[in-house]
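Encoded as structure tokens, the structure appears first; notes follow it.
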Amino acid sequence: MNYRSDIRNIVIIAHVDHGKTTLVDAMLKQSKVFRNNQIVGELIMDQNALEREKGITIMAKNTAVVYRAVKINIIDTPGHADFSGEVERVLSMADGCLLLVDSVEGPMPQTKFVLRLAMKMGLKPIVVINKIDRRNSRIAEVLKLTEDLFLELAISADQLDFPVLYASAREGTVVTELGMKGNDVTPLLECILEKVPPPKIESGSFQMLVSNLAYDSHKGKIAIGRIWRGKVAPHQPVVNLGADGSVTHYEINEVFTYLGLKHLKVKEAEAGDIVAVTGLDRVNIGDTIASLEQTEALPRIEIGEPTVEMTFGVNTSPFAGREGHFCTTRQLWARLSRELETNLSLRVQGTDSRDTFLVKGRGELHLAILIETMRRESYEFEVSKPKAITKIVDGNLVEPVEVLTIDTKDEYLGVLTELLSKRQAQLTDMRNDGHDDVRLVFHVPTKGLIGFRTVFSTATHGESIMNHTFLGYEPYHGDIISTRNGALVASEQGIAVTYGLNNAQGRGCTFIEAGTPVYEGMIIGLNSKPKDIAINVCKEKKKTNVRSSTSDIAIKLAPPMQLSLEQAMDFINDDELVEVTPENIRLRKKLLTQAQRAKDRASSRRSVK
Ligand SMILES: Nc1nc2c(ncn2[C@@H]2O[C@H](COP(=O)(O)OP(=O)(O)OP(=O)(O)O)[C@@H](O)[C@H]2O)c(=O)[nH]1
Ligand SMILES: [Mg+2]
């Protein structure tokens, strides 16, 4: 067995926001991959529009820096639990991992989740305690907790022998001992060279595992992955070994390697390196590309199962087709099928209705990001309330359960415990920092978390942070009864006017402004009572000849509560839908007319009897 001493492959893993992408910034900036006058900004790798807007990484991405003539291939991963599939997909490319831990927050559920994966893959870990510049950092304690986590998760003894570095990714500094003054990230680069094993090279001819796909309008599909054996060059004949055992012949078109943010076109790449190749138009993630002489497939990538599902259907509202370019079943299906190629933890299946598909993902955010992306691409469709996916194991109904961590203040303890107990959550840990900051840890079924984020941020006035990570399956605990109030539902099609909306505000709060087109069955607000009520928001004030003393006073409406896509998904009940178009997010009853809804209520009453 040979090694390639001129390469190291590392993946950066951590809980959300612990500073992975910022640390990559620091490595890129120090390795001078930018021109001196180039303004590069922050979170350079988070290039996707939604990543920039939300300030989170959604997709795992490759980059590389050169240090002392060694190329370090770096894979940045998302820390949000909903995108765990992205981490699972890329781990096999690396030999080592940088586990980042925030010096204040310490190890969080997702830290444990990703570290467990990395240990299972046998990656050599380097611990980086990050954000040491934070005022209330508790570095010694965080290190102790991290060591405990390793004791729990390490599979072999040598995994317990990990180096620890201290970083301020934002300042671009890393030190090996606390108290040292940091200048740059050199200690990190040195540590990677020294501790991460160089890639092993097996003898034999070309073999690579596809871990990612990209598209280019000129080059077509781009397959990205690590070469395990041999060499690859442009125009080389290869076979692609698919999931179903299929063997397809291709000729490699171009070969690229990474450097900074660039793809470098190369004449040849060798085992141990991470490359992007073009010319294979039917390749999928998990496939092996191999030479004609040795057509052996590598083990496929294992991805965790989805936990949340919802339907995506053709828009059936009276406003269908007005705002989107892509509105048909065929277009919706084609788009979802395309998504399946790269979004590995997503599943799509048909339903009883040919215009509706069941889409399954790793959490509400995973699905919300897909919906938002499609709407920006000018798709128009309707989605149902997200639901936790139950399954039958050994004849028993089981459901997904998660660990929920909440960082909050003492004063919200009561309200949070009450809200969560209704959602079948069990408090498993509670830590007070001696002041009024508290960390609560719960076990909660996924179904109890659906719609919880909105309630949570209202209840704690936006002053608390929640995170949840998949734990496993447990016997079904029974249904959770929705406690949402009824909806204010438009009773007629037209344009909402101030007078009509003012009437609606007498019943509850409204979601739309005067001048908004509405249709019968559209939800325009939240009732302050449990039942739905239909209201004509297009109704003008009756004109009379008699002037009353108050008639000239303009009505002042309270500002509408405008729901974001995620809030809308959280808000709706099972008999409701969210209509998503490039321009609007509308809420509606599934059954649009009052007559249909009355009939449905009557028949469900009968079926209960
Ligand atoms: N004070 C301080 N803040 C930091 C440091 N490193 C990162 N941050 C901040 O922490 C926030 C999150 O940083 P990111 O680099 O986006 O974190 P991430 O781990 O990539 O997050 P995800 O990809 O969404 O999981 C940003 O506001 C950073 O500016 C640090 O060393 N010190
Ligand atoms: Mg990131």
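Chain labels follow the order of the structure tokens: the first chain is A, the next B, and so on; residue numbering restarts at 1 in every chain, and ligands are counted from 1 in their shown order.
Taking only C-alpha atoms and all ligand atoms into account, the residues that come within 7 Å of ligand 1 are Ala14, His15, Val16, Asp17, His18, Gly19, Lys20, Thr21, Thr22, Leu23, Leu43, Gly55, Ile56, Thr57, Ile58, Thr77, Pro78, Gly79, His80, Asn130, Lys131, Ile132, Asp133, Arg134, Ala167, Ser168, Ala169, Arg170 and Glu171 of chain A.
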Output C-alpha atoms for every residue in the selection just made, as a tab-separated table (two decimals), in the first residue's frame.
```
chain	number	residue	atom	x	y	z
A	14	ALA	CA	-19.73	20.78	13.84
A	15	HIS	CA	-23.05	21.85	15.20
A	16	VAL	CA	-24.77	24.71	13.35
A	17	ASP	CA	-23.05	28.12	13.63
A	18	HIS	CA	-19.95	26.90	15.41
A	19	GLY	CA	-17.86	28.58	12.71
A	20	LYS	CA	-17.00	25.99	10.04
A	21	THR	CA	-17.43	28.24	7.03
A	22	THR	CA	-15.66	31.11	8.80
A	23	LEU	CA	-12.68	28.83	9.47
A	43	LEU	CA	-18.63	33.03	4.45
A	55	GLY	CA	-26.42	32.74	6.98
A	56	ILE	CA	-26.26	28.94	7.09
A	57	THR	CA	-24.56	26.32	4.97
A	58	ILE	CA	-27.06	24.12	3.14
A	77	THR	CA	-20.42	20.79	5.64
A	78	PRO	CA	-23.71	22.15	6.99
A	79	GLY	CA	-24.24	21.96	10.76
A	80	HIS	CA	-28.00	22.08	10.68
A	130	ASN	CA	-13.54	27.92	18.25
A	131	LYS	CA	-14.67	31.43	19.15
A	132	ILE	CA	-12.18	31.69	22.01
A	133	ASP	CA	-12.51	35.46	21.62
A	134	ARG	CA	-16.04	35.28	23.03
A	167	ALA	CA	-9.22	29.24	17.34
A	168	SER	CA	-10.88	32.48	16.63
A	169	ALA	CA	-11.99	31.73	13.11
A	170	ARG	CA	-13.38	35.22	12.76
A	171	GLU	CA	-10.03	36.78	13.56
```
Problem - Secondary structure check, strand (DSSP E or B) residues of region 201-433 of chain A, as a ChimeraX atom specification - result: /A:201-202,207-216,220-229,231-232,237-241,247-251,255-259,262-265,269-270,274-278,288-291,308-314,326,347-350,356-361,379,381-383,387-388,391-393,396-409,426-432
Next, dump the selected residues to file, keeping only C-alpha atoms, as an mmCIF file, in the first residue's frame.
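Contents of out_37.cif, as written:
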```
data_model
loop_
_atom_site.group_PDB
_atom_site.id
_atom_site.type_symbol
_atom_site.label_atom_id
_atom_site.label_comp_id
_atom_site.auth_asym_id
_atom_site.auth_seq_id
_atom_site.Cartn_x
_atom_site.Cartn_y
_atom_site.Cartn_z
ATOM 1 C CA ILE A 201 -3.334 4.482 -2.673
ATOM 2 C CA GLU A 202 -4.513 1.035 -3.617
ATOM 3 C CA GLN A 207 -11.766 3.793 -9.603
ATOM 4 C CA MET A 208 -13.646 6.744 -8.077
ATOM 5 C CA LEU A 209 -16.721 7.072 -5.859
ATOM 6 C CA VAL A 210 -19.147 9.827 -6.852
ATOM 7 C CA SER A 211 -20.046 11.874 -3.755
ATOM 8 C CA ASN A 212 -21.571 14.921 -5.361
ATOM 9 C CA LEU A 213 -22.996 16.173 -8.635
ATOM 10 C CA ALA A 214 -23.022 19.627 -10.144
ATOM 11 C CA TYR A 215 -24.414 21.011 -13.389
ATOM 12 C CA ASP A 216 -22.975 23.351 -15.915
ATOM 13 C CA GLY A 220 -23.426 19.087 -18.490
ATOM 14 C CA LYS A 221 -23.328 16.892 -15.433
ATOM 15 C CA ILE A 222 -20.206 17.090 -13.289
ATOM 16 C CA ALA A 223 -19.375 14.130 -11.063
ATOM 17 C CA ILE A 224 -17.332 14.943 -7.973
ATOM 18 C CA GLY A 225 -15.547 12.446 -5.779
ATOM 19 C CA ARG A 226 -12.368 10.918 -4.550
ATOM 20 C CA ILE A 227 -10.181 8.712 -6.707
ATOM 21 C CA TRP A 228 -9.399 5.518 -4.820
ATOM 22 C CA ARG A 229 -7.264 3.795 -7.423
ATOM 23 C CA LYS A 231 -5.425 7.732 -12.713
ATOM 24 C CA VAL A 232 -7.945 9.596 -14.770
ATOM 25 C CA PRO A 237 -12.883 5.326 -21.583
ATOM 26 C CA VAL A 238 -14.630 4.365 -18.315
ATOM 27 C CA VAL A 239 -17.694 2.570 -17.029
ATOM 28 C CA ASN A 240 -20.228 3.903 -14.597
ATOM 29 C CA LEU A 241 -21.508 1.320 -12.113
ATOM 30 C CA VAL A 247 -22.755 -0.835 -16.308
ATOM 31 C CA THR A 248 -22.685 2.122 -18.702
ATOM 32 C CA HIS A 249 -19.762 2.981 -20.969
ATOM 33 C CA TYR A 250 -18.576 6.565 -21.266
ATOM 34 C CA GLU A 251 -15.591 8.606 -22.263
ATOM 35 C CA VAL A 255 -10.965 16.486 -15.441
ATOM 36 C CA PHE A 256 -10.777 19.231 -12.805
ATOM 37 C CA THR A 257 -9.234 19.543 -9.369
ATOM 38 C CA TYR A 258 -9.945 22.182 -6.729
ATOM 39 C CA LEU A 259 -7.879 25.147 -5.687
ATOM 40 C CA LYS A 262 -11.502 27.630 -8.738
ATOM 41 C CA HIS A 263 -11.757 24.444 -10.715
ATOM 42 C CA LEU A 264 -8.458 23.763 -12.381
ATOM 43 C CA LYS A 265 -8.573 21.842 -15.623
ATOM 44 C CA ALA A 269 -5.387 13.284 -11.683
ATOM 45 C CA GLU A 270 -4.285 10.445 -9.464
ATOM 46 C CA ILE A 274 -10.671 14.805 -5.089
ATOM 47 C CA VAL A 275 -11.717 15.563 -8.638
ATOM 48 C CA ALA A 276 -14.617 16.675 -10.786
ATOM 49 C CA VAL A 277 -15.100 14.916 -14.122
ATOM 50 C CA THR A 278 -17.475 15.595 -17.007
ATOM 51 C CA THR A 288 -18.524 4.145 -8.965
ATOM 52 C CA ILE A 289 -16.680 5.258 -12.078
ATOM 53 C CA ALA A 290 -14.023 2.722 -13.044
ATOM 54 C CA SER A 291 -11.619 1.748 -15.782
ATOM 55 C CA VAL A 308 -40.894 14.392 7.761
ATOM 56 C CA GLU A 309 -43.245 14.264 4.781
ATOM 57 C CA MET A 310 -45.653 16.575 3.030
ATOM 58 C CA THR A 311 -47.451 16.661 -0.284
ATOM 59 C CA PHE A 312 -46.472 18.841 -3.223
ATOM 60 C CA GLY A 313 -49.362 19.235 -5.627
ATOM 61 C CA VAL A 314 -50.319 21.188 -8.699
ATOM 62 C CA PHE A 326 -43.988 26.077 -14.286
ATOM 63 C CA ARG A 347 -37.647 10.848 -1.331
ATOM 64 C CA VAL A 348 -40.556 11.411 -3.686
ATOM 65 C CA GLN A 349 -43.444 9.070 -4.347
ATOM 66 C CA GLY A 350 -46.807 9.181 -6.056
ATOM 67 C CA THR A 356 -49.917 15.285 -6.031
ATOM 68 C CA PHE A 357 -46.600 13.831 -4.844
ATOM 69 C CA LEU A 358 -45.495 12.842 -1.374
ATOM 70 C CA VAL A 359 -42.121 14.441 -0.636
ATOM 71 C CA LYS A 360 -40.065 13.211 2.315
ATOM 72 C CA GLY A 361 -37.125 14.986 3.914
ATOM 73 C CA TYR A 379 -42.588 27.085 -9.921
ATOM 74 C CA PHE A 381 -47.652 24.582 -6.446
ATOM 75 C CA GLU A 382 -49.426 23.800 -3.214
ATOM 76 C CA VAL A 383 -48.070 21.984 -0.163
ATOM 77 C CA LYS A 387 -46.028 15.303 9.159
ATOM 78 C CA ALA A 388 -43.630 13.023 10.991
ATOM 79 C CA LYS A 391 -43.317 3.132 10.210
ATOM 80 C CA ILE A 392 -44.014 -0.401 11.296
ATOM 81 C CA VAL A 393 -41.128 -2.302 12.892
ATOM 82 C CA ASN A 396 -45.359 -2.165 16.004
ATOM 83 C CA LEU A 397 -46.005 1.411 14.978
ATOM 84 C CA VAL A 398 -42.921 3.562 15.658
ATOM 85 C CA GLU A 399 -42.220 7.244 15.179
ATOM 86 C CA PRO A 400 -39.076 9.434 14.940
ATOM 87 C CA VAL A 401 -37.868 11.042 18.159
ATOM 88 C CA GLU A 402 -35.400 13.904 18.501
ATOM 89 C CA VAL A 403 -33.206 15.574 21.093
ATOM 90 C CA LEU A 404 -34.259 19.166 21.535
ATOM 91 C CA THR A 405 -31.850 21.616 23.152
ATOM 92 C CA ILE A 406 -33.094 24.987 24.284
ATOM 93 C CA ASP A 407 -30.965 27.847 25.561
ATOM 94 C CA THR A 408 -33.229 30.261 27.346
ATOM 95 C CA LYS A 409 -33.748 32.430 30.405
ATOM 96 C CA GLN A 426 -39.759 14.787 28.246
ATOM 97 C CA LEU A 427 -37.191 16.886 30.031
ATOM 98 C CA THR A 428 -33.951 14.904 30.266
ATOM 99 C CA ASP A 429 -31.511 17.548 31.447
ATOM 100 C CA MET A 430 -31.527 21.051 32.814
ATOM 101 C CA ARG A 431 -28.503 23.190 33.529
ATOM 102 C CA ASN A 432 -28.396 26.605 35.052
#
```
Handout entry: Using only C-alpha atoms and all ligand atoms: which of A:Asn48, A:Gln30, A:Gln294, A:Gln424 has the shortest distance to ligand 2
Key =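 Checking each candidate against ligand 2, we get A:Asn48 as the closest.
Between CA of Arg135 (chain A) and CA of Gly179 (chain A) lies a distance of 14.5 Å.
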Handout entry: helix (DSSP H, G or I) per DSSP on the backbone: members of region 75-167 of chain A, as a ChimeraX atom specification
Key = /A:81-93,109-120,139-153,157-160
Suppose we keep C-alpha atoms; can you now write the selection as a compact mmCIF listing (two decimals), in the first residue's frame?
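Wrote it out as selection13.txt, contents follow:
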```txt
# COMPACT_ATOMS: atom_id res chain seq x y z
CA ALA A 81 -29.53 18.69 11.46
CA ASP A 82 -31.93 18.92 8.50
CA PHE A 83 -28.96 18.77 6.15
CA SER A 84 -27.25 15.82 7.82
CA GLY A 85 -27.54 13.91 4.55
CA GLU A 86 -24.97 16.32 3.12
CA VAL A 87 -22.50 15.34 5.82
CA GLU A 88 -23.12 11.61 5.34
CA ARG A 89 -22.60 12.02 1.62
CA VAL A 90 -19.14 13.57 1.81
CA LEU A 91 -17.42 11.91 4.78
CA SER A 92 -16.02 9.08 2.71
CA MET A 93 -13.89 11.55 0.72
CA PRO A 109 -26.56 17.27 19.85
CA GLN A 110 -25.43 17.75 16.26
CA THR A 111 -21.78 17.75 17.40
CA LYS A 112 -22.42 14.27 18.72
CA PHE A 113 -24.32 13.19 15.62
CA VAL A 114 -21.56 14.19 13.19
CA LEU A 115 -18.74 12.98 15.42
CA ARG A 116 -20.38 9.57 15.65
CA LEU A 117 -20.48 9.40 11.84
CA ALA A 118 -16.85 10.48 11.56
CA MET A 119 -15.72 7.91 14.13
CA LYS A 120 -17.61 5.19 12.30
CA ILE A 139 -12.89 26.71 27.31
CA ALA A 140 -11.71 24.23 29.96
CA GLU A 141 -15.24 22.99 30.57
CA VAL A 142 -16.02 22.73 26.87
CA LEU A 143 -12.85 20.74 26.31
CA LYS A 144 -13.81 18.38 29.13
CA LEU A 145 -17.27 17.85 27.64
CA THR A 146 -15.71 17.23 24.23
CA GLU A 147 -13.36 14.63 25.72
CA ASP A 148 -16.35 12.93 27.33
CA LEU A 149 -18.03 12.81 23.97
CA PHE A 150 -15.00 11.10 22.44
CA LEU A 151 -14.93 8.57 25.26
CA GLU A 152 -18.51 7.74 24.45
CA LEU A 153 -18.14 7.60 20.68
CA ALA A 157 -8.26 3.70 21.05
CA ASP A 158 -6.23 5.82 18.66
CA GLN A 159 -9.29 7.98 18.04
CA LEU A 160 -8.95 9.16 21.63
```
When you look at Ala554 (chain A) with a cut-off of 12 Å (counting only C-alpha atoms), what residues show up, excluding the ones that are within fewer than 6 positions of it in the same chain? I need them as a PDB file with N, CA, C and O atoms, in the first residue's frame.
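Listed below is the output, out.pdb:
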```pdb
ATOM      1  N   THR A 498     -60.479  47.819   3.161  1.00  0.00           N
ATOM      2  CA  THR A 498     -60.265  48.194   4.563  1.00  0.00           C
ATOM      3  C   THR A 498     -61.481  47.886   5.426  1.00  0.00           C
ATOM      4  O   THR A 498     -61.356  47.329   6.518  1.00  0.00           O
ATOM      5  N   TYR A 499     -62.646  48.189   4.904  1.00  0.00           N
ATOM      6  CA  TYR A 499     -63.852  47.995   5.707  1.00  0.00           C
ATOM      7  C   TYR A 499     -64.035  46.508   6.055  1.00  0.00           C
ATOM      8  O   TYR A 499     -64.266  46.143   7.210  1.00  0.00           O
ATOM      9  N   ASN A 502     -61.399  45.356   8.449  1.00  0.00           N
ATOM     10  CA  ASN A 502     -61.658  45.875   9.784  1.00  0.00           C
ATOM     11  C   ASN A 502     -62.656  44.967  10.510  1.00  0.00           C
ATOM     12  O   ASN A 502     -62.489  44.658  11.693  1.00  0.00           O
ATOM     13  N   LYS A 541     -68.350  49.445   2.811  1.00  0.00           N
ATOM     14  CA  LYS A 541     -69.351  50.018   3.715  1.00  0.00           C
ATOM     15  C   LYS A 541     -70.545  50.434   2.873  1.00  0.00           C
ATOM     16  O   LYS A 541     -70.387  50.948   1.760  1.00  0.00           O
TER      17      LYS A 541
END
```
Exercise for the section: With a distance cut-off of 10 Å and only C-alpha atoms, select the neighbouring residues of Asp479 (chain A), excluding the residue or stretch itself and same-chain residues fewer than 5 positions from it, and output the selection as a PyMOL selection string. Expected result: chain A and resi 423-424+447-448
Output the selection as a compact mmCIF listing (two decimals), in the first residue's frame - all heavy atoms for each residue.
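Output contents, as saved in out_37.txt:
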```txt
# COMPACT_ATOMS: atom_id res chain seq x y z
N ARG A 423 -46.73 18.62 23.83
CA ARG A 423 -46.18 18.04 22.61
C ARG A 423 -45.42 16.74 22.91
O ARG A 423 -44.56 16.32 22.14
CB ARG A 423 -45.27 19.06 21.93
CG ARG A 423 -46.07 20.22 21.39
CD ARG A 423 -45.21 21.38 20.96
NE ARG A 423 -46.03 22.40 20.31
CZ ARG A 423 -46.20 22.51 19.00
NH1 ARG A 423 -45.60 21.67 18.19
NH2 ARG A 423 -46.98 23.44 18.49
N GLN A 424 -45.72 16.17 24.04
CA GLN A 424 -45.17 14.87 24.45
C GLN A 424 -43.67 14.87 24.65
O GLN A 424 -43.00 13.87 24.45
CB GLN A 424 -45.57 13.78 23.44
CG GLN A 424 -47.07 13.63 23.29
CD GLN A 424 -47.45 12.59 22.26
OE1 GLN A 424 -46.61 12.11 21.51
NE2 GLN A 424 -48.72 12.26 22.21
N LYS A 447 -43.13 14.69 15.57
CA LYS A 447 -44.45 15.31 15.32
C LYS A 447 -44.71 16.47 16.28
O LYS A 447 -45.40 17.42 15.94
CB LYS A 447 -45.57 14.26 15.44
CG LYS A 447 -45.71 13.71 16.84
CD LYS A 447 -46.93 12.82 17.02
CE LYS A 447 -46.98 12.44 18.49
NZ LYS A 447 -46.84 11.05 18.80
N GLY A 448 -44.12 16.41 17.48
CA GLY A 448 -44.32 17.47 18.46
C GLY A 448 -43.52 18.72 18.11
O GLY A 448 -43.79 19.80 18.60
```
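Straight-line separation from CA of Ile481 (chain A) to CA of His366 (chain A): 24.6 Å.
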Practice task
Can you work out which one of A:Ser457, A:Asp184, A:Ala534, A:Ile480 has the shortest atom-to-atom distance to Lys422 (chain A), counting only C-alpha atoms?
Solution key: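 Counting only C-alpha atoms, the residue closest to Lys422 (chain A) is A:Ile480.
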Practice task
Measuring atom to atom with only C-alpha atoms and all ligand atoms, identify which of A:Ile535, A:Ile10, A:Ala64, A:Leu100 is nearest to ligand 2.
Solution key: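 The shortest atom-to-atom distance to ligand 2 comes from A:Leu100.
Going from CA of Val441 (chain A) to CA of Leu165 (chain A) covers 27.9 Å.
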May I have the residues within 6 Å of Thr510 (chain A) as an mmCIF file with C-alpha atoms, in the first residue's frame, using only C-alpha atoms and disregarding those fewer than 3 positions away in the same chain?
```
data_model
loop_
_atom_site.group_PDB
_atom_site.id
_atom_site.type_symbol
_atom_site.label_atom_id
_atom_site.label_comp_id
_atom_site.auth_asym_id
_atom_site.auth_seq_id
_atom_site.Cartn_x
_atom_site.Cartn_y
_atom_site.Cartn_z
ATOM 1 C CA ILE A 524 -56.923 35.651 5.616
ATOM 2 C CA GLY A 525 -56.374 35.537 9.349
ATOM 3 C CA PRO A 560 -51.240 42.419 9.075
#
```
Problem - Residue neighbourhood Leu591 (chain A), 10 Å, only C-alpha atoms, exclusion window fewer than 6 positions, as a PyMOL selection string - result: chain A and resi 520-522+575-577+597-598+600
Could you save the residues just selected, with all heavy atoms, as a JSON list (two decimals), in the first residue's frame?
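Result file is selection-v7.json:
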```json
[["chain", "number", "residue", "atom", "x", "y", "z"],
["A", 520, "GLU", "N", -62.57, 32.67, -2.51],
["A", 520, "GLU", "CA", -63.36, 31.97, -1.52],
["A", 520, "GLU", "C", -62.56, 30.78, -1.00],
["A", 520, "GLU", "O", -62.04, 29.99, -1.79],
["A", 520, "GLU", "CB", -64.69, 31.47, -2.11],
["A", 520, "GLU", "CG", -65.52, 30.76, -1.07],
["A", 520, "GLU", "CD", -66.85, 30.24, -1.57],
["A", 520, "GLU", "OE1", -67.12, 30.30, -2.79],
["A", 520, "GLU", "OE2", -67.64, 29.77, -0.72],
["A", 521, "GLY", "N", -62.44, 30.67, 0.30],
["A", 521, "GLY", "CA", -61.69, 29.55, 0.87],
["A", 521, "GLY", "C", -60.26, 29.91, 1.24],
["A", 521, "GLY", "O", -59.55, 29.12, 1.85],
["A", 522, "MET", "N", -59.84, 31.12, 0.87],
["A", 522, "MET", "CA", -58.48, 31.55, 1.23],
["A", 522, "MET", "C", -58.48, 31.98, 2.70],
["A", 522, "MET", "O", -59.41, 32.61, 3.16],
["A", 522, "MET", "CB", -58.09, 32.73, 0.32],
["A", 522, "MET", "CG", -56.72, 33.29, 0.58],
["A", 522, "MET", "SD", -56.26, 34.36, -0.81],
["A", 522, "MET", "CE", -55.27, 35.57, 0.06],
["A", 575, "ASP", "N", -56.48, 20.10, 7.16],
["A", 575, "ASP", "CA", -57.49, 20.40, 6.13],
["A", 575, "ASP", "C", -57.16, 21.68, 5.38],
["A", 575, "ASP", "O", -58.02, 22.30, 4.78],
["A", 575, "ASP", "CB", -58.88, 20.50, 6.77],
["A", 575, "ASP", "CG", -58.95, 21.63, 7.80],
["A", 575, "ASP", "OD1", -57.88, 22.05, 8.29],
["A", 575, "ASP", "OD2", -60.07, 22.10, 8.09],
["A", 576, "GLU", "N", -55.89, 22.06, 5.46],
["A", 576, "GLU", "CA", -55.48, 23.32, 4.82],
["A", 576, "GLU", "C", -54.23, 23.11, 3.98],
["A", 576, "GLU", "O", -53.55, 22.09, 4.09],
["A", 576, "GLU", "CB", -55.22, 24.38, 5.91],
["A", 576, "GLU", "CG", -56.48, 24.72, 6.69],
["A", 576, "GLU", "CD", -56.25, 25.44, 8.02],
["A", 576, "GLU", "OE1", -55.10, 25.52, 8.47],
["A", 576, "GLU", "OE2", -57.24, 25.88, 8.61],
["A", 577, "LEU", "N", -53.93, 24.09, 3.11],
["A", 577, "LEU", "CA", -52.76, 24.00, 2.24],
["A", 577, "LEU", "C", -52.05, 25.35, 2.20],
["A", 577, "LEU", "O", -52.65, 26.37, 2.50],
["A", 577, "LEU", "CB", -53.20, 23.66, 0.80],
["A", 577, "LEU", "CG", -53.87, 22.31, 0.55],
["A", 577, "LEU", "CD1", -54.50, 22.29, -0.84],
["A", 577, "LEU", "CD2", -52.84, 21.18, 0.68],
["A", 597, "ARG", "N", -67.19, 22.40, 2.84],
["A", 597, "ARG", "CA", -66.63, 22.19, 4.18],
["A", 597, "ARG", "C", -67.71, 21.70, 5.15],
["A", 597, "ARG", "O", -67.46, 20.83, 5.98],
["A", 597, "ARG", "CB", -65.96, 23.47, 4.71],
["A", 597, "ARG", "CG", -64.72, 23.87, 3.91],
["A", 597, "ARG", "CD", -63.87, 24.88, 4.65],
["A", 597, "ARG", "NE", -64.50, 26.17, 4.85],
["A", 597, "ARG", "CZ", -64.49, 27.18, 3.98],
["A", 597, "ARG", "NH1", -63.85, 27.03, 2.82],
["A", 597, "ARG", "NH2", -65.08, 28.32, 4.25],
["A", 598, "ALA", "N", -68.91, 22.26, 5.02],
["A", 598, "ALA", "CA", -70.02, 21.85, 5.89],
["A", 598, "ALA", "C", -70.34, 20.38, 5.64],
["A", 598, "ALA", "O", -70.52, 19.58, 6.57],
["A", 598, "ALA", "CB", -71.23, 22.72, 5.63],
["A", 600, "ASP", "N", -68.33, 18.09, 4.46],
["A", 600, "ASP", "CA", -67.23, 17.28, 4.96],
["A", 600, "ASP", "C", -67.32, 17.11, 6.48],
["A", 600, "ASP", "O", -67.11, 16.01, 7.00],
["A", 600, "ASP", "CB", -65.91, 17.98, 4.58],
["A", 600, "ASP", "CG", -64.71, 17.14, 4.95],
["A", 600, "ASP", "OD1", -64.62, 16.01, 4.43],
["A", 600, "ASP", "OD2", -63.89, 17.59, 5.77]]
```
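Among the candidates A:Met466, A:Lys539, A:Leu336, A:Lys385, the residue lying nearest to Lys589 (chain A) is A:Lys385 (atoms considered: only C-alpha atoms).
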